[in-house]
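Chemist: There's a structure below that I have some questions on.
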Amino acid sequence: MVKGISRRVVVVRPDEHGVFEQAIFLVRDCTVPRSDAVREACRIANRYLVGRGSHRRSSWLRPAIAFALGAVAASGIWAVLWLLV
């Protein structure tokens, strides 16, 4: 279904080396000044990119630590069982 409602939109296009091509924000309050809406859209886009970049770097770290701790625990259990038998 198509509605005939027009919305105020802010489109953020980062430099060509960016992760995304564009980000589209629908402005809820039309009384907000244009500069404030653009500033807020850029802030949200930057916060998203910073959060995604740090997550991407550490995404392999948790499974690697869990694997190492599991291997140490299993080795310790087997050593104790071997000494008891």
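Residues in the structure tokens are numbered from 1 in each chain, the chains being A, B, ... in the order shown, and ligands are numbered from 1 in the order shown.
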Excluding Val11 (chain A) and any residue of its chain fewer than 3 positions from it, enumerate the residues within 10 Å of it, using only C-alpha atoms, and give them as a PDB file with N, CA and C atoms, in the first residue's frame.

Modeler:
ATOM      1  N   PRO A  14      29.331   9.237   2.953  1.00  0.00           N
ATOM      2  CA  PRO A  14      30.724   9.374   3.387  1.00  0.00           C
ATOM      3  C   PRO A  14      31.663   9.403   2.189  1.00  0.00           C
ATOM      4  N   GLN A  22      25.630   5.075   1.514  1.00  0.00           N
ATOM      5  CA  GLN A  22      24.887   6.193   2.064  1.00  0.00           C
ATOM      6  C   GLN A  22      24.046   5.723   3.241  1.00  0.00           C
ATOM      7  N   ALA A  23      23.733   6.652   4.111  1.00  0.00           N
ATOM      8  CA  ALA A  23      22.841   6.378   5.236  1.00  0.00           C
ATOM      9  C   ALA A  23      21.661   7.340   5.117  1.00  0.00           C
ATOM     10  N   ILE A  24      20.463   6.819   5.259  1.00  0.00           N
ATOM     11  CA  ILE A  24      19.259   7.622   5.098  1.00  0.00           C
ATOM     12  C   ILE A  24      18.553   7.690   6.446  1.00  0.00           C
ATOM     13  N   PHE A  25      18.300   8.905   6.906  1.00  0.00           N
ATOM     14  CA  PHE A  25      17.622   9.142   8.175  1.00  0.00           C
ATOM     15  C   PHE A  25      16.312   9.864   7.906  1.00  0.00           C
ATOM     16  N   LEU A  26      15.224   9.363   8.482  1.00  0.00           N
ATOM     17  CA  LEU A  26      13.926  10.027   8.384  1.00  0.00           C
ATOM     18  C   LEU A  26      13.772  10.915   9.609  1.00  0.00           C
ATOM     19  N   VAL A  38      21.317  17.369  10.359  1.00  0.00           N
ATOM     20  CA  VAL A  38      22.489  16.843   9.654  1.00  0.00           C
ATOM     21  C   VAL A  38      23.583  16.484  10.646  1.00  0.00           C
ATOM     22  N   ALA A  41      22.616  13.235  12.390  1.00  0.00           N
ATOM     23  CA  ALA A  41      22.749  12.093  11.476  1.00  0.00           C
ATOM     24  C   ALA A  41      24.220  11.705  11.312  1.00  0.00           C
ATOM     25  N   CYS A  42      25.092  12.674  11.165  1.00  0.00           N
ATOM     26  CA  CYS A  42      26.524  12.388  11.044  1.00  0.00           C
ATOM     27  C   CYS A  42      27.079  11.773  12.332  1.00  0.00           C
TER      28      CYS A  42
END

Chemist: Out of chain A, which residues get strand (DSSP E or B) from DSSP, as a list in words?

Modeler: Arg8, Val9, Val10, Val11, Val12, Ala23, Ile24, Phe25, Leu26 and Val27 of chain A

Chemist: Write the selection just made, keeping C-alpha atoms, as an mmCIF file, in the first residue's frame?

Modeler:
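Listing of selection.cif after writing:
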data_model
loop_
_atom_site.group_PDB
_atom_site.id
_atom_site.type_symbol
_atom_site.label_atom_id
_atom_site.label_comp_id
_atom_site.auth_asym_id
_atom_site.auth_seq_id
_atom_site.Cartn_x
_atom_site.Cartn_y
_atom_site.Cartn_z
ATOM 1 C CA ARG A 8 11.916 15.083 5.636
ATOM 2 C CA VAL A 9 15.019 13.014 4.926
ATOM 3 C CA VAL A 10 18.721 13.447 5.702
ATOM 4 C CA VAL A 11 21.103 11.476 3.470
ATOM 5 C CA VAL A 12 24.693 11.077 4.669
ATOM 6 C CA ALA A 23 22.841 6.378 5.236
ATOM 7 C CA ILE A 24 19.259 7.622 5.098
ATOM 8 C CA PHE A 25 17.622 9.142 8.175
ATOM 9 C CA LEU A 26 13.926 10.027 8.384
ATOM 10 C CA VAL A 27 13.451 13.153 10.480
#

Chemist: Quick check for you: according to DSSP on this backbone, which residues of chain A are classed as alpha helix (DSSP H)? Reply as JSON, numbers by chain.

Modeler: {"A": [34, 35, 36, 37, 38, 39, 40, 41, 42, 43, 44, 45, 46, 47, 48, 49, 50, 51, 52, 53, 54, 55, 56, 57, 58, 61, 62, 63, 64, 65, 66, 67, 68, 69, 70, 71, 72, 73, 74, 75, 76, 77, 78, 79, 80, 81, 82, 83, 84]}

Chemist: Give me, as a PDB file with N, CA, C and O atoms, in the first residue's frame, all polymer residues having an atom no more than 12 Å from Val19 (chain A), counting only C-alpha atoms and skipping those fewer than 2 positions away in the same chain.

Modeler:
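Saved the output as out.pdb:
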ATOM      1  N   ARG A  13      26.371  10.825   2.930  1.00  0.00           N
ATOM      2  CA  ARG A  13      27.240  10.082   2.018  1.00  0.00           C
ATOM      3  C   ARG A  13      28.688  10.290   2.448  1.00  0.00           C
ATOM      4  O   ARG A  13      29.224  11.376   2.308  1.00  0.00           O
ATOM      5  N   PRO A  14      29.331   9.237   2.953  1.00  0.00           N
ATOM      6  CA  PRO A  14      30.724   9.374   3.387  1.00  0.00           C
ATOM      7  C   PRO A  14      31.663   9.403   2.189  1.00  0.00           C
ATOM      8  O   PRO A  14      31.228   9.268   1.043  1.00  0.00           O
ATOM      9  N   ASP A  15      32.958   9.546   2.484  1.00  0.00           N
ATOM     10  CA  ASP A  15      33.942   9.539   1.405  1.00  0.00           C
ATOM     11  C   ASP A  15      33.915   8.197   0.677  1.00  0.00           C
ATOM     12  O   ASP A  15      33.327   7.232   1.135  1.00  0.00           O
ATOM     13  N   GLU A  16      34.550   8.111  -0.454  1.00  0.00           N
ATOM     14  CA  GLU A  16      34.458   6.913  -1.287  1.00  0.00           C
ATOM     15  C   GLU A  16      35.101   5.682  -0.661  1.00  0.00           C
ATOM     16  O   GLU A  16      34.875   4.573  -1.097  1.00  0.00           O
ATOM     17  N   HIS A  17      35.917   5.852   0.381  1.00  0.00           N
ATOM     18  CA  HIS A  17      36.551   4.715   1.040  1.00  0.00           C
ATOM     19  C   HIS A  17      35.733   4.209   2.227  1.00  0.00           C
ATOM     20  O   HIS A  17      36.200   3.387   2.986  1.00  0.00           O
ATOM     21  N   GLU A  21      27.621   3.090   1.410  1.00  0.00           N
ATOM     22  CA  GLU A  21      27.456   4.052   0.313  1.00  0.00           C
ATOM     23  C   GLU A  21      26.716   5.292   0.779  1.00  0.00           C
ATOM     24  O   GLU A  21      27.097   6.416   0.475  1.00  0.00           O
ATOM     25  N   GLN A  22      25.630   5.075   1.514  1.00  0.00           N
ATOM     26  CA  GLN A  22      24.887   6.193   2.064  1.00  0.00           C
ATOM     27  C   GLN A  22      24.046   5.723   3.241  1.00  0.00           C
ATOM     28  O   GLN A  22      23.711   4.556   3.338  1.00  0.00           O
ATOM     29  N   ALA A  23      23.733   6.652   4.111  1.00  0.00           N
ATOM     30  CA  ALA A  23      22.841   6.378   5.236  1.00  0.00           C
ATOM     31  C   ALA A  23      21.661   7.340   5.117  1.00  0.00           C
ATOM     32  O   ALA A  23      21.849   8.533   4.879  1.00  0.00           O
ATOM     33  N   ALA A  45      25.927   8.121  12.446  1.00  0.00           N
ATOM     34  CA  ALA A  45      26.664   7.320  11.466  1.00  0.00           C
ATOM     35  C   ALA A  45      28.089   7.071  11.935  1.00  0.00           C
ATOM     36  O   ALA A  45      28.603   5.947  11.828  1.00  0.00           O
ATOM     37  N   ASN A  46      28.745   8.087  12.480  1.00  0.00           N
ATOM     38  CA  ASN A  46      30.113   7.907  12.988  1.00  0.00           C
ATOM     39  C   ASN A  46      30.155   6.955  14.177  1.00  0.00           C
ATOM     40  O   ASN A  46      31.052   6.132  14.292  1.00  0.00           O
ATOM     41  N   TYR A  48      28.107   4.519  14.771  1.00  0.00           N
ATOM     42  CA  TYR A  48      27.891   3.166  14.247  1.00  0.00           C
ATOM     43  C   TYR A  48      29.185   2.591  13.680  1.00  0.00           C
ATOM     44  O   TYR A  48      29.535   1.455  13.952  1.00  0.00           O
ATOM     45  N   LEU A  49      29.913   3.398  12.921  1.00  0.00           N
ATOM     46  CA  LEU A  49      31.151   2.911  12.309  1.00  0.00           C
ATOM     47  C   LEU A  49      32.213   2.617  13.353  1.00  0.00           C
ATOM     48  O   LEU A  49      32.935   1.627  13.248  1.00  0.00           O
ATOM     49  N   VAL A  50      32.326   3.449  14.373  1.00  0.00           N
ATOM     50  CA  VAL A  50      33.315   3.221  15.427  1.00  0.00           C
ATOM     51  C   VAL A  50      32.975   1.945  16.176  1.00  0.00           C
ATOM     52  O   VAL A  50      33.834   1.119  16.458  1.00  0.00           O
ATOM     53  N   ARG A  52      31.246  -0.660  15.081  1.00  0.00           N
ATOM     54  CA  ARG A  52      31.433  -1.815  14.217  1.00  0.00           C
ATOM     55  C   ARG A  52      32.909  -2.132  14.025  1.00  0.00           C
ATOM     56  O   ARG A  52      33.285  -3.280  13.958  1.00  0.00           O
ATOM     57  N   GLY A  53      33.743  -1.124  13.940  1.00  0.00           N
ATOM     58  CA  GLY A  53      35.170  -1.371  13.726  1.00  0.00           C
ATOM     59  C   GLY A  53      35.812  -2.060  14.906  1.00  0.00           C
ATOM     60  O   GLY A  53      36.575  -3.008  14.749  1.00  0.00           O
TER      61      GLY A  53
END

Chemist: How many Å lie between CA of Ile65 (chain A) and CA of Arg47 (chain A), rounded to one decimal?

Modeler: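 Interatomic distance, CA of Ile65 (chain A) to CA of Arg47 (chain A): 27.4 Å.
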